[in-house]
$ cat my_file.cif   # mmCIF, N, CA and C atoms and all ligand atoms
data_input
loop_
_atom_site.label_atom_id
_atom_site.label_comp_id
_atom_site.auth_asym_id
_atom_site.auth_seq_id
_atom_site.Cartn_x
_atom_site.Cartn_y
_atom_site.Cartn_z
N MET A 673 -66.30 55.58 221.43
CA MET A 673 -65.81 54.23 221.79
C MET A 673 -64.32 54.14 221.49
N ILE A 674 -63.59 53.67 222.47
CA ILE A 674 -62.14 53.52 222.29
C ILE A 674 -61.80 52.04 222.20
N THR A 675 -60.97 51.71 221.26
CA THR A 675 -60.42 50.37 221.16
C THR A 675 -58.94 50.45 221.51
N ILE A 676 -58.54 49.66 222.48
CA ILE A 676 -57.16 49.66 222.95
C ILE A 676 -56.46 48.40 222.46
N PHE A 677 -55.36 48.57 221.77
CA PHE A 677 -54.49 47.47 221.40
C PHE A 677 -53.32 47.52 222.38
N CYS A 678 -53.22 46.55 223.26
CA CYS A 678 -52.19 46.60 224.30
C CYS A 678 -51.33 45.35 224.26
N ASP A 679 -50.03 45.57 224.22
CA ASP A 679 -49.08 44.47 224.25
C ASP A 679 -49.19 43.73 225.59
N LEU A 680 -48.86 42.46 225.59
CA LEU A 680 -48.97 41.63 226.80
C LEU A 680 -47.72 41.69 227.67
N ASP A 681 -46.63 41.10 227.18
CA ASP A 681 -45.42 40.98 228.00
C ASP A 681 -44.74 42.34 228.19
N GLY A 682 -44.56 42.71 229.43
CA GLY A 682 -43.90 43.99 229.72
C GLY A 682 -44.86 45.15 229.84
N CYS A 683 -46.14 44.93 229.48
CA CYS A 683 -47.16 45.98 229.61
C CYS A 683 -48.24 45.59 230.61
N LEU A 684 -48.78 44.39 230.48
CA LEU A 684 -49.82 43.92 231.40
C LEU A 684 -49.24 42.98 232.47
N ILE A 685 -48.25 42.21 232.06
CA ILE A 685 -47.57 41.29 232.98
C ILE A 685 -46.06 41.50 232.86
N GLU A 686 -45.33 41.02 233.85
CA GLU A 686 -43.87 41.10 233.77
C GLU A 686 -43.42 40.38 232.51
N HIS A 687 -42.47 40.98 231.82
CA HIS A 687 -41.98 40.40 230.57
C HIS A 687 -41.46 38.99 230.84
N GLN A 688 -41.89 38.05 229.97
CA GLN A 688 -41.49 36.65 230.14
C GLN A 688 -40.82 36.14 228.89
N TYR A 689 -39.90 35.23 229.06
CA TYR A 689 -39.26 34.59 227.92
C TYR A 689 -39.79 33.18 227.71
N SER A 690 -40.47 32.63 228.70
CA SER A 690 -41.05 31.30 228.56
C SER A 690 -42.56 31.38 228.73
N TYR A 691 -43.29 30.82 227.78
CA TYR A 691 -44.75 30.82 227.86
C TYR A 691 -45.25 29.98 229.01
N HIS A 692 -44.39 29.11 229.53
CA HIS A 692 -44.83 28.14 230.53
C HIS A 692 -44.73 28.68 231.96
N ASP A 693 -44.01 29.79 232.15
CA ASP A 693 -43.93 30.37 233.49
C ASP A 693 -45.28 30.97 233.87
N ASP A 694 -45.55 31.00 235.17
CA ASP A 694 -46.77 31.67 235.61
C ASP A 694 -46.65 33.16 235.33
N MET A 695 -47.76 33.77 234.94
CA MET A 695 -47.75 35.21 234.66
C MET A 695 -47.72 35.98 235.97
N VAL A 696 -46.97 37.06 236.00
CA VAL A 696 -46.92 37.94 237.17
C VAL A 696 -47.49 39.30 236.74
N LEU A 697 -48.62 39.65 237.35
CA LEU A 697 -49.27 40.91 237.00
C LEU A 697 -48.41 42.10 237.37
N LEU A 698 -48.42 43.12 236.53
CA LEU A 698 -47.77 44.38 236.88
C LEU A 698 -48.77 45.20 237.71
N PRO A 699 -48.29 46.10 238.57
CA PRO A 699 -49.19 46.86 239.44
C PRO A 699 -50.25 47.62 238.64
N GLY A 700 -51.49 47.47 239.07
CA GLY A 700 -52.59 48.24 238.48
C GLY A 700 -53.20 47.64 237.23
N THR A 701 -52.70 46.51 236.76
CA THR A 701 -53.21 45.94 235.50
C THR A 701 -54.70 45.62 235.58
N VAL A 702 -55.08 44.81 236.55
CA VAL A 702 -56.48 44.38 236.62
C VAL A 702 -57.40 45.57 236.89
N GLU A 703 -56.97 46.46 237.78
CA GLU A 703 -57.79 47.63 238.12
C GLU A 703 -58.02 48.50 236.89
N LYS A 704 -56.98 48.69 236.09
CA LYS A 704 -57.11 49.53 234.90
C LYS A 704 -58.00 48.86 233.86
N ILE A 705 -57.89 47.55 233.73
CA ILE A 705 -58.74 46.84 232.77
C ILE A 705 -60.21 46.91 233.20
N VAL A 706 -60.46 46.81 234.49
CA VAL A 706 -61.83 46.97 235.00
C VAL A 706 -62.35 48.37 234.68
N GLU A 707 -61.49 49.37 234.90
CA GLU A 707 -61.87 50.76 234.61
C GLU A 707 -62.21 50.92 233.12
N TRP A 708 -61.37 50.37 232.25
CA TRP A 708 -61.61 50.46 230.80
C TRP A 708 -62.89 49.72 230.42
N ASN A 709 -63.12 48.58 231.05
CA ASN A 709 -64.32 47.80 230.76
C ASN A 709 -65.58 48.58 231.15
N ARG A 710 -65.54 49.22 232.31
CA ARG A 710 -66.69 50.02 232.77
C ARG A 710 -66.95 51.19 231.84
N ALA A 711 -65.89 51.72 231.25
CA ALA A 711 -66.02 52.85 230.33
C ALA A 711 -66.50 52.40 228.95
N GLY A 712 -66.59 51.09 228.75
CA GLY A 712 -67.07 50.55 227.48
C GLY A 712 -66.00 50.41 226.42
N TYR A 713 -64.74 50.46 226.83
CA TYR A 713 -63.65 50.32 225.87
C TYR A 713 -63.46 48.86 225.46
N ASN A 714 -62.99 48.67 224.24
CA ASN A 714 -62.60 47.34 223.79
C ASN A 714 -61.12 47.14 224.08
N LEU A 715 -60.77 45.96 224.56
CA LEU A 715 -59.37 45.66 224.82
C LEU A 715 -58.93 44.50 223.93
N ILE A 716 -58.00 44.80 223.05
CA ILE A 716 -57.40 43.79 222.18
C ILE A 716 -55.98 43.59 222.68
N ILE A 717 -55.68 42.42 223.19
CA ILE A 717 -54.32 42.14 223.64
C ILE A 717 -53.51 41.67 222.44
N THR A 718 -52.34 42.27 222.27
CA THR A 718 -51.46 41.90 221.16
C THR A 718 -50.19 41.26 221.74
N THR A 719 -49.66 40.32 221.01
CA THR A 719 -48.45 39.66 221.48
C THR A 719 -47.69 39.01 220.33
N GLY A 720 -46.40 39.00 220.48
CA GLY A 720 -45.56 38.30 219.51
C GLY A 720 -45.48 36.80 219.80
N ARG A 721 -46.12 36.36 220.89
CA ARG A 721 -46.14 34.91 221.17
C ARG A 721 -46.76 34.18 220.00
N ARG A 722 -46.27 33.00 219.76
CA ARG A 722 -46.74 32.24 218.60
C ARG A 722 -48.19 31.79 218.75
N GLU A 723 -48.86 31.68 217.62
CA GLU A 723 -50.25 31.22 217.59
C GLU A 723 -50.40 29.86 218.29
N SER A 724 -49.39 29.04 218.17
CA SER A 724 -49.46 27.70 218.79
C SER A 724 -49.48 27.77 220.31
N ALA A 725 -49.17 28.95 220.88
CA ALA A 725 -49.20 29.11 222.34
C ALA A 725 -50.51 29.75 222.81
N ARG A 726 -51.51 29.81 221.93
CA ARG A 726 -52.77 30.49 222.28
C ARG A 726 -53.43 29.87 223.51
N GLU A 727 -53.55 28.56 223.51
CA GLU A 727 -54.29 27.91 224.59
C GLU A 727 -53.65 28.16 225.95
N ILE A 728 -52.34 27.99 226.02
CA ILE A 728 -51.66 28.17 227.32
C ILE A 728 -51.69 29.64 227.73
N THR A 729 -51.58 30.54 226.75
CA THR A 729 -51.61 31.98 227.05
C THR A 729 -52.99 32.38 227.56
N ALA A 730 -54.04 31.92 226.89
CA ALA A 730 -55.41 32.26 227.30
C ALA A 730 -55.70 31.71 228.70
N LYS A 731 -55.21 30.51 228.97
CA LYS A 731 -55.42 29.89 230.28
C LYS A 731 -54.73 30.69 231.38
N LYS A 732 -53.51 31.12 231.11
CA LYS A 732 -52.75 31.87 232.13
C LYS A 732 -53.31 33.28 232.30
N LEU A 733 -53.81 33.87 231.23
CA LEU A 733 -54.47 35.18 231.34
C LEU A 733 -55.69 35.08 232.24
N SER A 734 -56.47 34.04 232.04
CA SER A 734 -57.65 33.82 232.85
C SER A 734 -57.27 33.61 234.32
N ALA A 735 -56.20 32.88 234.55
CA ALA A 735 -55.76 32.57 235.92
C ALA A 735 -55.38 33.82 236.70
N VAL A 736 -54.85 34.84 236.01
CA VAL A 736 -54.46 36.07 236.73
C VAL A 736 -55.55 37.14 236.67
N GLY A 737 -56.69 36.81 236.05
CA GLY A 737 -57.83 37.73 236.07
C GLY A 737 -57.83 38.79 234.99
N ILE A 738 -57.10 38.55 233.90
CA ILE A 738 -57.11 39.50 232.78
C ILE A 738 -58.21 39.10 231.81
N VAL A 739 -59.18 40.00 231.64
CA VAL A 739 -60.26 39.76 230.68
C VAL A 739 -60.06 40.70 229.49
N TYR A 740 -60.48 40.24 228.31
CA TYR A 740 -60.20 41.00 227.09
C TYR A 740 -61.23 40.63 226.04
N ASP A 741 -61.23 41.38 224.96
CA ASP A 741 -62.16 41.10 223.86
C ASP A 741 -61.55 40.19 222.81
N GLN A 742 -60.29 40.44 222.50
CA GLN A 742 -59.59 39.58 221.53
C GLN A 742 -58.14 39.44 221.93
N LEU A 743 -57.55 38.33 221.50
CA LEU A 743 -56.13 38.09 221.72
C LEU A 743 -55.51 37.89 220.34
N VAL A 744 -54.68 38.84 219.95
CA VAL A 744 -54.04 38.79 218.63
C VAL A 744 -52.61 38.32 218.81
N MET A 745 -52.30 37.16 218.24
CA MET A 745 -51.01 36.52 218.46
C MET A 745 -50.17 36.49 217.20
N GLY A 746 -48.89 36.21 217.40
CA GLY A 746 -48.01 35.98 216.26
C GLY A 746 -47.64 37.22 215.47
N ILE A 747 -47.73 38.39 216.11
CA ILE A 747 -47.34 39.61 215.40
C ILE A 747 -45.91 39.97 215.78
N GLY A 748 -45.31 40.84 215.00
CA GLY A 748 -43.92 41.22 215.23
C GLY A 748 -43.73 41.80 216.62
N GLY A 749 -42.58 41.50 217.21
CA GLY A 749 -42.33 41.93 218.57
C GLY A 749 -41.73 43.33 218.67
N HIS A 750 -41.42 43.95 217.55
CA HIS A 750 -40.79 45.27 217.63
C HIS A 750 -41.80 46.37 217.32
N THR A 751 -41.47 47.31 216.47
CA THR A 751 -42.34 48.48 216.26
C THR A 751 -43.68 48.09 215.65
N ARG A 752 -44.75 48.65 216.23
CA ARG A 752 -46.11 48.42 215.72
C ARG A 752 -46.72 49.79 215.40
N VAL A 753 -47.38 49.88 214.28
CA VAL A 753 -47.95 51.14 213.82
C VAL A 753 -49.45 50.94 213.63
N LEU A 754 -50.25 51.86 214.17
CA LEU A 754 -51.71 51.80 214.02
C LEU A 754 -52.13 52.85 213.01
N ILE A 755 -52.88 52.45 212.01
CA ILE A 755 -53.34 53.36 210.96
C ILE A 755 -54.86 53.35 210.95
N ASN A 756 -55.46 54.55 210.92
CA ASN A 756 -56.92 54.66 210.89
C ASN A 756 -57.29 55.91 210.10
N ASP A 757 -58.50 55.94 209.54
CA ASP A 757 -58.93 57.13 208.79
C ASP A 757 -59.65 58.10 209.71
N LEU A 758 -59.59 59.38 209.36
CA LEU A 758 -60.31 60.41 210.10
C LEU A 758 -61.78 60.33 209.75
N LYS A 759 -62.65 60.55 210.75
CA LYS A 759 -64.08 60.32 210.53
C LYS A 759 -64.87 61.63 210.48
N PRO A 760 -65.70 61.81 209.44
CA PRO A 760 -66.63 62.91 209.46
C PRO A 760 -67.68 62.63 210.54
N PRO A 761 -68.29 63.57 211.23
CA PRO A 761 -68.19 65.01 210.96
C PRO A 761 -67.04 65.69 211.71
N HIS A 762 -66.10 64.94 212.25
CA HIS A 762 -64.99 65.54 213.00
C HIS A 762 -63.67 65.15 212.34
N PRO A 763 -63.42 65.66 211.15
CA PRO A 763 -62.25 65.19 210.39
C PRO A 763 -60.91 65.58 211.00
N LYS A 764 -60.94 66.41 212.06
CA LYS A 764 -59.66 66.77 212.69
C LYS A 764 -59.44 66.02 214.01
N LEU A 765 -60.42 65.24 214.42
CA LEU A 765 -60.29 64.49 215.67
C LEU A 765 -59.45 63.23 215.40
N PRO A 766 -58.29 63.12 216.05
CA PRO A 766 -57.42 61.97 215.78
C PRO A 766 -58.11 60.62 216.05
N THR A 767 -57.90 59.67 215.18
CA THR A 767 -58.49 58.33 215.36
C THR A 767 -57.40 57.27 215.55
N ALA A 768 -56.16 57.72 215.69
CA ALA A 768 -55.06 56.78 215.94
C ALA A 768 -54.05 57.47 216.86
N ARG A 769 -53.64 56.74 217.87
CA ARG A 769 -52.65 57.27 218.82
C ARG A 769 -51.73 56.13 219.23
N ALA A 770 -50.62 56.48 219.88
CA ALA A 770 -49.70 55.45 220.37
C ALA A 770 -49.08 55.90 221.68
N ILE A 771 -48.83 54.94 222.55
CA ILE A 771 -48.18 55.20 223.83
C ILE A 771 -47.05 54.18 223.98
N ASN A 772 -45.86 54.66 224.28
CA ASN A 772 -44.74 53.77 224.54
C ASN A 772 -44.54 53.68 226.05
N LEU A 773 -44.57 52.47 226.58
CA LEU A 773 -44.35 52.26 228.01
C LEU A 773 -42.96 51.71 228.25
N VAL A 774 -42.35 52.12 229.35
CA VAL A 774 -41.11 51.47 229.78
C VAL A 774 -41.46 50.04 230.16
N ARG A 775 -40.63 49.09 229.75
CA ARG A 775 -40.91 47.68 230.05
C ARG A 775 -41.16 47.48 231.54
N ASN A 776 -42.23 46.79 231.86
CA ASN A 776 -42.62 46.41 233.21
C ASN A 776 -43.08 47.60 234.07
N GLU A 777 -43.32 48.75 233.45
CA GLU A 777 -43.84 49.89 234.19
C GLU A 777 -45.33 49.68 234.50
N GLY A 778 -46.04 49.03 233.57
CA GLY A 778 -47.45 48.75 233.77
C GLY A 778 -48.35 49.88 233.30
N ILE A 779 -49.66 49.58 233.26
CA ILE A 779 -50.64 50.52 232.73
C ILE A 779 -51.39 51.25 233.83
N GLY A 780 -51.05 50.95 235.09
CA GLY A 780 -51.80 51.49 236.23
C GLY A 780 -51.98 53.00 236.23
N ARG A 781 -50.97 53.72 235.76
CA ARG A 781 -51.06 55.19 235.83
C ARG A 781 -51.41 55.82 234.48
N LEU A 782 -51.75 54.98 233.49
CA LEU A 782 -52.08 55.51 232.17
C LEU A 782 -53.39 56.28 232.19
N GLU A 783 -53.40 57.43 231.55
CA GLU A 783 -54.64 58.18 231.32
C GLU A 783 -54.79 58.29 229.81
N LEU A 784 -55.89 57.80 229.26
CA LEU A 784 -56.05 57.82 227.81
C LEU A 784 -56.67 59.12 227.34
MG MG B 1 -43.76 43.33 225.11
#
$ encode --input "my_file.cif" --output "structure tokens" --more "lines below"
Ligand SMILES: [Mg+2]
Amino acid sequence: MITIFCDLDGCLIEHQYSYHDDMVLLPGTVEKIVEWNRAGYNLIITTGRRESAREITAKKLSAVGIVYDQLVMGIGGHTRVLINDLKPPHPKLPTARAINLVRNEGIGRLEL
């Protein structure tokens, strides 16, 4: 089972500076999320948007067809580090990875 923590602005939708603008999907976003969902992956959307913008963000995500398991808000907008422990019986199998995307490139061509 894979759990994906994916940033919102600049990764799933065009980077926005105002929470009130309509979201513009990046190419391949919905298709890739459907693919991940069919594979049984969990999708946790992360964003530096403030917690007070949860309702409007969730509403706009729904309007553009982005479905997810959790929306984690109010986290730092710069470097994010994922830490996980190695699991027996495969103590050499990595349990944490990271992918840096060019802003607004989208997830359409990502292979995990
Ligand atoms: Mg971003």
$ atom_distance --input "my_file.cif" --atom1 "atom CA of A:Ile738" --atom2 "atom CA of A:Asn714"
13.1 Å
$ atom_distance --input "my_file.cif" --atom1 "atom CA of A:His762" --atom2 "atom CA of A:Tyr740"
28.7 Å
$ atom_distance --input "my_file.cif" --atom1 "atom N of A:Glu703" --atom2 "atom CA of A:Leu765"
28.7 Å
$ residues_near_ligand --input "my_file.cif" --ligand "ligand MG 1 (chain B)" --cutoff "8 Å" --atoms "only N, CA and C atoms and all ligand atoms" --output "list in words"
Cys678, Asp679, Leu680, Asp681, Gly682, Cys683, Leu684, Glu686, His687, Gln688, Thr718, Thr719, Gly720, Gly749, His750, Arg775 and Asn776 of chain A
$ residues_around --input "my_file.cif" --residues "A:Pro766" --least-positions-apart "5" --cutoff "8 Å" --atoms "all atoms listed in the file" --output "compact mmCIF listing (two decimals) with N, CA and C atoms, in the frame of the given file"
# COMPACT_ATOMS: atom_id res chain seq x y z
N ASN A 756 -55.46 54.55 210.92
CA ASN A 756 -56.92 54.66 210.89
C ASN A 756 -57.29 55.91 210.10
N ASP A 757 -58.50 55.94 209.54
CA ASP A 757 -58.93 57.13 208.79
C ASP A 757 -59.65 58.10 209.71
N LEU A 758 -59.59 59.38 209.36
CA LEU A 758 -60.31 60.41 210.10
C LEU A 758 -61.78 60.33 209.75
N LYS A 759 -62.65 60.55 210.75
CA LYS A 759 -64.08 60.32 210.53
C LYS A 759 -64.87 61.63 210.48
$ select_by_dssp --input "my_file.cif" --residues "stretch 673-781 of chain A" --states "strand (DSSP E or B)" --output "JSON, numbers by chain"
{"A": [675, 676, 677, 678, 679, 681, 685, 697, 714, 715, 716, 717, 718, 742, 743, 744]}
$ select_by_dssp --input "my_file.cif" --residues "chain A" --states "alpha helix (DSSP H)" --output "PyMOL selection string"
chain A and resi 701-710+726-735
$ residues_around --input "my_file.cif" --residues "A:Ile755" --least-positions-apart "2" --cutoff "7 Å" --atoms "all atoms listed in the file" --output "PyMOL selection string"
chain A and resi 753+757+767-768
$ residues_around --input "my_file.cif" --residues "stretch 698-700 of chain A" --least-positions-apart "2" --cutoff "6 Å" --atoms "only N, CA and C atoms" --output "PyMOL selection string"
chain A and resi 684-686+696+702-705+778-780
$ write_last_selection --input "my_file.cif" --atoms "N, CA and C atoms" --output "CSV table (one decimal), in the coordinates of the input"
chain,number,residue,atom,x,y,z
A,684,LEU,N,-48.8,44.4,230.5
A,684,LEU,CA,-49.8,43.9,231.4
A,684,LEU,C,-49.2,43.0,232.5
A,685,ILE,N,-48.2,42.2,232.1
A,685,ILE,CA,-47.6,41.3,233.0
A,685,ILE,C,-46.1,41.5,232.9
A,686,GLU,N,-45.3,41.0,233.8
A,686,GLU,CA,-43.9,41.1,233.8
A,686,GLU,C,-43.4,40.4,232.5
A,696,VAL,N,-47.0,37.1,236.0
A,696,VAL,CA,-46.9,37.9,237.2
A,696,VAL,C,-47.5,39.3,236.7
A,702,VAL,N,-55.1,44.8,236.6
A,702,VAL,CA,-56.5,44.4,236.6
A,702,VAL,C,-57.4,45.6,236.9
A,703,GLU,N,-57.0,46.5,237.8
A,703,GLU,CA,-57.8,47.6,238.1
A,703,GLU,C,-58.0,48.5,236.9
A,704,LYS,N,-57.0,48.7,236.1
A,704,LYS,CA,-57.1,49.5,234.9
A,704,LYS,C,-58.0,48.9,233.9
A,705,ILE,N,-57.9,47.6,233.7
A,705,ILE,CA,-58.7,46.8,232.8
A,705,ILE,C,-60.2,46.9,233.2
A,778,GLY,N,-46.0,49.0,233.6
A,778,GLY,CA,-47.4,48.8,233.8
A,778,GLY,C,-48.4,49.9,233.3
A,779,ILE,N,-49.7,49.6,233.3
A,779,ILE,CA,-50.6,50.5,232.7
A,779,ILE,C,-51.4,51.2,233.8
A,780,GLY,N,-51.0,51.0,235.1
A,780,GLY,CA,-51.8,51.5,236.2
A,780,GLY,C,-52.0,53.0,236.2
$ closest_residue --input "my_file.cif" --among "A:Gly746, A:Asn772, A:Gly737, A:Leu754" --to "A:Thr701" --atoms "only C-alpha atoms"
A:Gly737
$ residues_around --input "my_file.cif" --residues "A:Ile676" --least-positions-apart "2" --cutoff "6.5 Å" --atoms "all atoms listed in the file" --output "list in words"
Ile674, Cys678, Tyr713, Asn714, Leu715, Ile716 and Ile717 of chain A
